[in-house]
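Visitor: Here you go, this is data23.cif (mmCIF, C-alpha atoms).
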```cif
data_query
loop_
_atom_site.label_atom_id
_atom_site.label_comp_id
_atom_site.auth_asym_id
_atom_site.auth_seq_id
_atom_site.Cartn_x
_atom_site.Cartn_y
_atom_site.Cartn_z
CA MET V 1 105.71 111.84 93.81
CA ASN V 2 104.61 109.54 96.60
CA PRO V 3 107.47 107.07 97.20
CA ILE V 4 105.04 104.12 97.22
CA TYR V 5 104.19 104.83 93.58
CA ALA V 6 107.63 106.06 92.60
CA GLY V 7 109.06 102.64 93.40
CA ILE V 8 106.57 100.78 91.20
CA SER V 9 107.85 99.93 87.74
CA THR V 10 105.65 99.51 84.67
CA SER V 11 103.58 96.36 85.09
CA VAL V 12 104.72 93.17 83.40
CA PHE V 13 101.44 93.19 81.47
CA GLU V 14 102.15 96.59 79.97
CA THR V 15 105.72 95.60 79.13
CA MET V 16 104.80 92.33 77.44
CA SER V 17 101.81 93.83 75.62
CA ARG V 18 104.07 96.59 74.26
CA LEU V 19 106.56 93.98 73.06
CA ALA V 20 103.69 92.00 71.53
CA ARG V 21 102.60 95.04 69.54
CA GLU V 22 106.13 95.87 68.46
CA HIS V 23 106.76 92.31 67.21
CA GLU V 24 103.22 91.69 65.92
CA ALA V 25 103.04 88.74 68.27
CA VAL V 26 100.24 86.41 69.28
CA ASN V 27 99.47 87.84 72.72
CA LEU V 28 99.07 85.05 75.26
CA GLY V 29 100.28 87.36 78.03
CA GLN V 30 97.33 89.39 79.30
CA GLY V 31 94.37 87.36 80.50
CA PHE V 32 91.34 88.10 78.42
CA PRO V 33 89.35 85.90 76.03
CA ASP V 34 89.04 86.76 72.35
CA ASP V 35 85.30 86.07 72.58
CA PRO V 36 82.75 88.91 72.94
CA GLY V 37 80.89 87.27 75.82
CA PRO V 38 77.33 85.91 76.03
CA LEU V 39 75.03 87.74 73.61
CA ASP V 40 71.96 87.70 75.83
CA VAL V 41 73.83 89.33 78.71
CA ARG V 42 75.21 92.02 76.39
CA GLN V 43 71.74 92.64 74.97
CA LYS V 44 70.36 93.13 78.48
CA ALA V 45 73.01 95.81 79.07
CA ALA V 46 72.07 97.56 75.82
CA GLU V 47 68.35 97.42 76.64
CA ALA V 48 69.01 98.83 80.10
CA VAL V 49 70.85 101.84 78.63
CA VAL V 50 67.93 102.72 76.35
CA GLU V 51 65.01 101.80 78.57
CA GLY V 52 66.39 101.84 82.10
CA TRP V 53 67.68 104.23 84.75
CA ASN V 54 70.88 106.11 83.82
CA GLN V 55 71.31 108.34 86.86
CA TYR V 56 73.17 107.45 90.05
CA PRO V 57 72.19 104.02 91.31
CA PRO V 58 72.38 103.20 95.05
CA MET V 59 75.88 103.23 96.51
CA MET V 60 75.60 99.60 97.62
CA GLY V 61 74.38 98.49 94.18
CA ILE V 62 70.93 98.09 92.66
CA PRO V 63 68.70 95.77 94.73
CA GLU V 64 68.09 93.49 91.74
CA LEU V 65 71.79 92.68 91.46
CA ARG V 66 72.41 92.30 95.17
CA GLN V 67 69.47 89.91 95.41
CA SER V 68 70.76 88.00 92.39
CA ILE V 69 74.24 87.69 93.94
CA ALA V 70 72.72 86.21 97.12
CA ARG V 71 70.60 83.76 95.09
CA HIS V 72 73.60 82.81 92.95
CA TYR V 73 75.83 81.91 95.88
CA LYS V 74 72.99 80.03 97.56
CA ARG V 75 72.49 78.00 94.38
CA PHE V 76 76.12 77.22 93.65
CA HIS V 77 77.79 77.23 97.08
CA ALA V 78 74.95 76.80 99.59
CA LEU V 79 75.85 80.14 101.18
CA ASP V 80 73.15 82.00 103.09
CA LEU V 81 73.73 85.71 102.49
CA ASN V 82 71.49 88.59 103.51
CA TRP V 83 71.46 90.72 100.36
CA GLU V 84 70.70 93.91 102.31
CA SER V 85 73.44 93.66 104.92
CA GLU V 86 76.05 91.26 103.44
CA VAL V 87 76.28 92.07 99.72
CA MET V 88 77.72 95.14 97.93
CA VAL V 89 78.48 95.93 94.27
CA THR V 90 81.77 97.57 93.26
CA SER V 91 83.39 98.84 90.07
CA GLY V 92 85.33 95.66 89.48
CA ALA V 93 87.18 93.32 91.79
CA THR V 94 90.22 95.61 92.01
CA GLU V 95 88.06 98.38 93.45
CA ALA V 96 86.62 95.84 95.87
CA LEU V 97 90.15 94.94 96.92
CA ALA V 98 91.13 98.58 97.32
CA ALA V 99 88.05 99.39 99.40
CA SER V 100 88.58 96.33 101.60
CA LEU V 101 92.27 96.96 102.23
CA LEU V 102 91.89 100.70 102.81
CA ALA V 103 89.04 100.03 105.23
CA LEU V 104 90.60 97.21 107.21
CA ILE V 105 94.30 98.15 107.43
CA GLU V 106 95.70 100.76 109.78
CA PRO V 107 99.29 102.00 109.26
CA GLY V 108 101.70 99.49 110.75
CA ASP V 109 99.31 96.53 110.56
CA GLU V 110 100.88 93.40 109.14
CA VAL V 111 99.29 91.73 106.11
CA VAL V 112 99.94 88.13 105.06
CA LEU V 113 100.34 87.76 101.27
CA PHE V 114 100.79 84.60 99.23
CA GLN V 115 103.18 84.78 96.32
CA PRO V 116 102.98 84.48 93.35
CA MET V 117 100.31 87.15 93.66
CA TYR V 118 98.28 89.41 91.41
CA ASP V 119 100.28 92.56 90.74
CA ALA V 120 97.81 95.00 92.38
CA TYR V 121 97.96 93.39 95.83
CA LEU V 122 101.25 94.68 97.16
CA PRO V 123 100.85 98.35 96.06
CA LEU V 124 97.36 98.43 97.58
CA VAL V 125 98.58 96.98 100.87
CA ARG V 126 101.42 99.48 101.05
CA ARG V 127 99.14 102.39 100.09
CA ALA V 128 96.92 101.46 103.04
CA GLY V 129 99.96 101.51 105.34
CA GLY V 130 100.22 97.75 105.71
CA VAL V 131 103.46 95.87 106.30
CA PRO V 132 103.64 92.79 104.03
CA ARG V 133 104.56 89.35 105.29
CA PHE V 134 105.05 86.85 102.48
CA VAL V 135 104.27 83.16 102.19
CA THR V 136 106.01 81.67 99.14
CA LEU V 137 104.19 79.01 97.12
CA LYS V 138 106.07 76.71 94.77
CA PRO V 139 105.22 74.53 91.78
CA PRO V 140 103.82 72.16 90.87
CA HIS V 141 101.22 71.98 93.69
CA TRP V 142 101.35 75.58 95.02
CA GLY V 143 99.98 74.40 98.39
CA LEU V 144 100.28 75.96 101.84
CA ASP V 145 103.17 75.15 104.15
CA LYS V 146 102.56 75.09 107.91
CA ALA V 147 106.06 76.31 108.79
CA GLN V 148 105.75 79.30 106.46
CA LEU V 149 102.32 80.20 107.84
CA LYS V 150 103.64 80.06 111.39
CA ALA V 151 106.51 82.39 110.45
CA ALA V 152 104.26 84.87 108.61
CA PHE V 153 101.62 85.35 111.33
CA GLY V 154 102.32 87.37 114.44
CA PRO V 155 100.79 89.70 117.04
CA LYS V 156 100.51 92.56 114.50
CA THR V 157 98.76 90.51 111.80
CA ARG V 158 95.54 92.27 110.88
CA VAL V 159 94.63 91.09 107.37
CA VAL V 160 95.30 88.03 105.23
CA LEU V 161 95.00 88.53 101.45
CA LEU V 162 94.37 85.36 99.46
CA ASN V 163 93.55 84.60 95.81
CA HIS V 164 91.47 81.40 95.51
CA PRO V 165 91.59 79.99 92.83
CA LEU V 166 95.09 81.34 92.42
CA ASN V 167 96.29 83.46 89.50
CA PRO V 168 98.94 83.04 88.08
CA SER V 169 99.38 79.41 89.09
CA GLY V 170 95.99 78.15 87.92
CA SER V 171 95.69 76.17 91.17
CA VAL V 172 92.88 75.70 93.71
CA PHE V 173 93.52 75.52 97.44
CA SER V 174 92.27 72.28 98.99
CA ARG V 175 89.80 72.26 101.86
CA ALA V 176 92.67 71.03 104.05
CA ASP V 177 94.66 74.14 103.07
CA LEU V 178 91.71 76.40 103.92
CA ASP V 179 91.16 74.67 107.26
CA LEU V 180 94.85 75.11 108.09
CA LEU V 181 94.72 78.80 107.17
CA ALA V 182 91.53 79.24 109.21
CA ARG V 183 93.30 78.05 112.35
CA TYR V 184 95.88 80.82 112.07
CA ILE V 185 93.26 83.46 111.23
CA VAL V 186 91.21 82.52 114.29
CA GLN V 187 94.27 82.27 116.51
CA HIS V 188 95.43 85.77 115.54
CA ASP V 189 91.93 87.28 115.29
CA CYS V 190 92.49 88.77 111.84
CA ILE V 191 90.35 89.20 108.72
CA LEU V 192 90.67 87.29 105.45
CA VAL V 193 90.21 89.25 102.23
CA CYS V 194 89.71 86.56 99.59
CA ASP V 195 89.82 87.34 95.88
CA GLU V 196 87.60 84.58 94.42
CA VAL V 197 87.04 86.01 90.95
CA TRP V 198 87.90 82.69 89.25
CA GLU V 199 85.30 80.72 91.22
CA HIS V 200 83.43 79.60 88.08
CA VAL V 201 86.44 79.07 85.80
CA LEU V 202 87.23 75.58 87.11
CA PHE V 203 88.34 72.44 85.26
CA TYR V 204 88.44 68.65 85.50
CA ASN V 205 85.81 68.50 88.27
CA VAL V 206 88.21 70.01 90.78
CA GLU V 207 86.75 70.38 94.27
CA TYR V 208 86.37 74.06 95.15
CA SER V 209 85.28 75.47 98.50
CA PRO V 210 84.63 79.22 98.84
CA THR V 211 86.20 80.60 101.97
CA LEU V 212 82.83 81.68 103.39
CA SER V 213 81.87 77.99 103.48
CA VAL V 214 84.52 77.33 106.15
CA PRO V 215 82.59 77.77 109.44
CA GLU V 216 85.49 79.42 111.26
CA LEU V 217 85.82 81.99 108.45
CA ARG V 218 82.14 82.86 107.92
CA ARG V 219 82.31 86.05 109.99
CA LYS V 220 85.98 86.80 109.35
CA THR V 221 86.04 86.87 105.54
CA VAL V 222 85.53 89.42 102.79
CA LYS V 223 84.64 87.44 99.66
CA ILE V 224 85.26 89.22 96.34
CA GLY V 225 83.71 88.11 93.04
CA SER V 226 83.73 89.40 89.46
CA ALA V 227 81.13 89.42 86.70
CA GLY V 228 83.95 90.11 84.25
CA LYS V 229 85.45 86.66 84.93
CA ILE V 230 82.12 84.83 85.21
CA PHE V 231 80.86 86.12 81.84
CA SER V 232 84.19 86.70 80.03
CA LEU V 233 83.40 90.43 79.95
CA THR V 234 86.60 91.75 81.49
CA GLY V 235 85.95 95.35 80.42
CA TRP V 236 82.70 95.67 82.34
CA LYS V 237 84.34 96.03 85.77
CA VAL V 238 81.45 94.85 87.92
CA GLY V 239 82.57 93.29 91.19
CA PHE V 240 80.89 91.93 94.31
CA VAL V 241 81.77 92.05 98.00
CA CYS V 242 80.18 89.60 100.44
CA ALA V 243 80.92 89.82 104.15
CA ALA V 244 79.35 89.78 107.59
CA PRO V 245 77.42 93.03 108.28
CA GLU V 246 79.94 94.41 110.77
CA ILE V 247 82.74 94.03 108.21
CA LEU V 248 80.76 95.13 105.15
CA ARG V 249 79.69 98.38 106.85
CA VAL V 250 83.33 99.39 107.19
CA VAL V 251 84.28 98.35 103.63
CA ALA V 252 81.25 100.24 102.26
CA LYS V 253 82.54 103.47 103.77
CA ALA V 254 85.75 103.17 101.77
CA HIS V 255 83.85 102.19 98.61
CA GLN V 256 81.68 105.29 99.00
CA PHE V 257 84.69 107.54 98.51
CA LEU V 258 86.41 105.52 95.78
CA THR V 259 83.98 104.94 92.93
CA PHE V 260 80.72 105.33 94.91
CA THR V 261 78.78 103.33 92.34
CA THR V 262 78.85 101.27 89.13
CA PRO V 263 76.99 101.79 85.79
CA PRO V 264 73.36 100.75 86.37
CA ASN V 265 72.88 99.16 82.95
CA LEU V 266 75.80 96.79 83.56
CA GLN V 267 74.44 95.96 86.99
CA ALA V 268 71.06 95.08 85.48
CA ALA V 269 72.67 92.84 82.88
CA VAL V 270 74.81 91.04 85.48
CA ALA V 271 71.70 90.48 87.64
CA TYR V 272 70.13 88.75 84.66
CA GLY V 273 73.30 86.76 83.94
CA LEU V 274 73.78 85.41 87.45
CA ASP V 275 70.33 83.83 87.27
CA LYS V 276 71.13 82.00 84.02
CA ALA V 277 70.57 78.24 83.91
CA GLU V 278 73.45 76.05 85.04
CA ASP V 279 74.18 74.88 81.49
CA TYR V 280 75.69 78.29 80.70
CA PHE V 281 78.32 77.79 83.39
CA THR V 282 79.08 74.17 82.46
CA THR V 283 79.34 75.07 78.76
CA MET V 284 81.64 78.00 79.54
CA ARG V 285 83.93 75.78 81.58
CA ALA V 286 83.92 73.04 78.94
CA GLY V 287 84.98 75.53 76.27
CA PHE V 288 87.94 76.78 78.27
CA GLU V 289 88.86 73.23 79.29
CA ALA V 290 88.97 72.17 75.63
CA ALA V 291 91.21 75.14 74.81
CA GLN V 292 93.54 74.25 77.66
CA ASP V 293 93.72 70.61 76.55
CA ARG V 294 94.57 71.63 72.99
CA PHE V 295 97.29 74.07 74.01
CA ALA V 296 98.75 71.82 76.73
CA ASP V 297 98.91 68.89 74.30
CA GLY V 298 100.72 71.05 71.75
CA LEU V 299 103.26 72.31 74.30
CA THR V 300 103.86 68.79 75.62
CA LYS V 301 104.58 67.54 72.10
CA LEU V 302 107.18 70.31 71.80
CA GLY V 303 108.91 68.99 74.91
CA PHE V 304 107.68 71.48 77.52
CA ASP V 305 106.97 70.44 81.11
CA VAL V 306 103.35 71.58 81.41
CA ILE V 307 101.76 72.20 84.83
CA PRO V 308 98.03 71.42 84.37
CA SER V 309 95.68 74.25 85.29
CA GLN V 310 92.78 73.58 87.65
CA ALA V 311 91.28 77.06 87.18
CA THR V 312 91.67 80.54 85.59
CA TYR V 313 92.56 81.34 81.97
CA PHE V 314 96.21 80.38 82.48
CA LEU V 315 98.55 77.47 81.86
CA ASN V 316 102.13 77.32 83.11
CA VAL V 317 105.23 75.55 81.87
CA ASP V 318 108.29 74.81 84.03
CA LEU V 319 111.47 75.58 82.11
CA ALA V 320 113.59 73.50 84.49
CA LYS V 321 113.00 70.64 82.08
CA GLY V 322 112.54 70.64 78.32
CA PRO V 323 113.97 72.49 75.32
CA PHE V 324 114.87 75.65 77.25
CA ALA V 325 116.21 74.10 80.46
CA GLY V 326 118.59 76.49 82.19
CA MET V 327 116.94 79.66 80.85
CA ASP V 328 115.11 81.81 83.39
CA ASP V 329 111.50 82.82 82.81
CA ALA V 330 112.13 86.50 82.06
CA SER V 331 114.82 85.71 79.48
CA PHE V 332 112.63 83.06 77.89
CA SER V 333 109.60 85.40 77.66
CA THR V 334 111.72 88.06 75.95
CA HIS V 335 113.28 85.46 73.62
CA LEU V 336 109.85 84.06 72.78
CA VAL V 337 108.25 87.37 71.86
CA GLU V 338 111.25 88.57 69.85
CA LYS V 339 112.07 85.34 67.99
CA ALA V 340 108.78 83.42 67.82
CA LYS V 341 106.45 86.41 68.08
CA VAL V 342 104.42 84.93 70.96
CA ALA V 343 103.89 86.90 74.18
CA SER V 344 103.85 85.19 77.58
CA ILE V 345 104.35 86.29 81.19
CA PRO V 346 107.30 85.33 83.45
CA VAL V 347 105.80 84.16 86.74
CA SER V 348 108.74 85.61 88.68
CA ALA V 349 107.09 89.00 88.10
CA PHE V 350 104.38 87.96 90.58
CA TYR V 351 106.85 87.57 93.47
CA ALA V 352 108.13 90.35 95.71
CA GLU V 353 111.05 88.27 97.01
CA ASN V 354 112.58 84.80 96.72
CA ALA V 355 111.01 84.37 93.29
CA VAL V 356 110.57 81.11 91.43
CA THR V 357 112.33 81.89 88.14
CA SER V 358 111.60 78.85 85.99
CA VAL V 359 107.85 79.16 85.34
CA VAL V 360 106.18 80.93 82.39
CA ARG V 361 102.44 81.66 82.10
CA PHE V 362 100.32 81.52 78.94
CA CYS V 363 96.68 82.58 78.53
CA PHE V 364 94.79 79.79 76.76
CA ALA V 365 91.39 81.56 76.74
CA LYS V 366 91.62 82.04 72.99
CA ARG V 367 90.14 80.60 69.82
CA PHE V 368 91.65 77.34 68.61
CA GLU V 369 93.16 79.02 65.55
CA THR V 370 94.92 81.55 67.80
CA LEU V 371 96.39 78.80 69.97
CA ASP V 372 97.40 76.74 66.93
CA GLU V 373 99.21 79.71 65.42
CA ALA V 374 101.04 80.30 68.70
CA LEU V 375 102.13 76.66 68.80
CA ARG V 376 103.33 76.83 65.22
CA ARG V 377 105.46 79.88 66.07
CA ILE V 378 106.84 78.32 69.27
CA LYS V 379 107.77 75.20 67.35
CA SER V 380 109.90 77.32 65.01
CA ILE V 381 112.38 78.12 67.82
CA CYS V 382 112.40 74.78 69.66
#
```
What would the structure in this file look like if it were written as structure tokens?

Guide:
Amino acid sequence: MNPIYAGISTSVFETMSRLAREHEAVNLGQGFPDDPGPLDVRQKAAEAVVEGWNQYPPMMGIPELRQSIARHYKRFHALDLNWESEVMVTSGATEALAASLLALIEPGDEVVLFQPMYDAYLPLVRRAGGVPRFVTLKPPHWGLDKAQLKAAFGPKTRVVLLNHPLNPSGSVFSRADLDLLARYIVQHDCILVCDEVWEHVLFYNVEYSPTLSVPELRRKTVKIGSAGKIFSLTGWKVGFVCAAPEILRVVAKAHQFLTFTTPPNLQAAVAYGLDKAEDYFTTMRAGFEAAQDRFADGLTKLGFDVIPSQATYFLNVDLAKGPFAGMDDASFSTHLVEKAKVASIPVSAFYAENAVTSVVRFCFAKRFETLDEALRRIKSIC
């Protein structure tokens, strides 16, 4: 077995989901809504299966979707993208990440990673031959630190991998953070691969700037998006890559030999969805915001130190204060699923080194009755 994979343990999601099944727990660990997604978008996918093209679509994605992606980012972020040379469709954001990292990293290149980080990042970087250099973010603000950035970048830095908005922290990098990061990227002439799948799942009127909107990063960034997150259809696995032509040509070569293409009916449905009126997006955000408020209020009443979420499906609590002060996140998550029958995720699992061990993540993208039942169960052990 390849040593890169041999050293990877079962993911924290698999572990906690297994414990949730064993204990018949309310699963607030894995991040997916218990809503089927917008009916009209699903109907478009069904219609496209019956009436549309079901053979290989173009490797770069069907033109209708690539045009829709360009229109969508023009409408929401004032980005001018050439759909023919700067937009590509992938089989989910993870495939987009894999194609980007395999295309842009040569063995021995250094890659700057920000932890806590999504669990796929580090294995993909190592599989591509990259050498990780970590920047550690800490609660409650999870912002960038100039001294850490200076230490992480060097003459071998080739790629920077960023998640913005950031899962698992539920935070959004400020424009000042992005400008600071841009200075180091320009100075070291490297490429930013930015996972922006949560770009529409934003709360409380937080200011969000996509990395392509930073002038210094416009031709140095690979922007990755996800229809699964935009439409709460996580099983569809339709992703987008937007980048300057000279970068996208290289990433497309890797994509060609990974999945090559993505189901055409899903692409057609996503093209329709991205052109939906703005009230869909505001209503979607308002629904998740209301769920967060309800769950955060319940946890606060139980004595937990809640870290408000600016984005994503996730809400964190800091165990350093409250009814479980002194217990680390992994021990608490195990205790919670075994005794209260509620599954969560210890945020320390998203660090490769120097982990923060007091923060636990919950998925609040659930129906009110699901969240209320979880709160009732948590209360029983407080």

Visitor: Leaving out Arg183 (chain V) and any residue of its chain fewer than 6 positions from it, which residues lie within 12 Å of it when counting only C-alpha atoms, given as a ChimeraX atom specification?

Guide: /V:146,149-150,153,176-177,189-190,192,214-217,220

Visitor: With only C-alpha atoms as the counted atoms, please give the residues lying no more than 9 Å from Val26 (chain V), apart from itself and same-chain residues fewer than 6 positions off, as a ChimeraX atom specification.

Guide: /V:20,337,341-343,370-371,373-374,377

Visitor: Run the PyMOL selection byres ((chain V and resi 286) around 12) on the file and write out the hits as a list of chain:residue names.

Guide: V:His200, V:Val201, V:Leu202, V:Phe203, V:Tyr204, V:Asn205, V:Asp279, V:Tyr280, V:Phe281, V:Thr282, V:Thr283, V:Met284, V:Arg285, V:Gly287, V:Phe288, V:Glu289, V:Ala290, V:Ala291, V:Gln292, V:Asp293, V:Ala311, V:Ala365

Visitor: One decimal, in Å: what's the spacing between CA of Leu166 (chain V) and CA of Glu95 (chain V)?

Guide: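 Distance reported for this atom pair: 18.5 Å.
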
Visitor: For a quick check of understanding, using only C-alpha atoms, which of V:Ala252, V:Ala147, V:Val172, V:Leu181 has the smallest distance to Trp198 (chain V)?

Guide: V:Val172

Visitor: Exactly which residues make up the result of the PyMOL selection byres ((chain V and resi 346) around 8) on this file, given as a ChimeraX atom specification?

Guide: /V:329-330,333,344-345,347-349,357,359-361

Visitor: Go ahead and fit an axis-aligned box to every listed atom of region 176-180 of chain V plus 6 Å each side, and pass me the centre and edge lengths in Å, one decimal, as lines of an AutoDock Vina configuration file.

Guide:
```
center_x = 93.0
center_y = 73.7
center_z = 105.6
size_x = 15.7
size_y = 17.4
size_z = 17.0
```

Visitor: Taking the file above as input, evaluate the PyMOL selection byres ((chain V and resi 92) around 6) and report the hits as a list in words.

Guide: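 Output of the PyMOL selection byres ((chain V and resi 92) around 6): Thr90, Ser91, Ala93, Thr94, Glu95, Lys237, Val238 and Gly239 of chain V.
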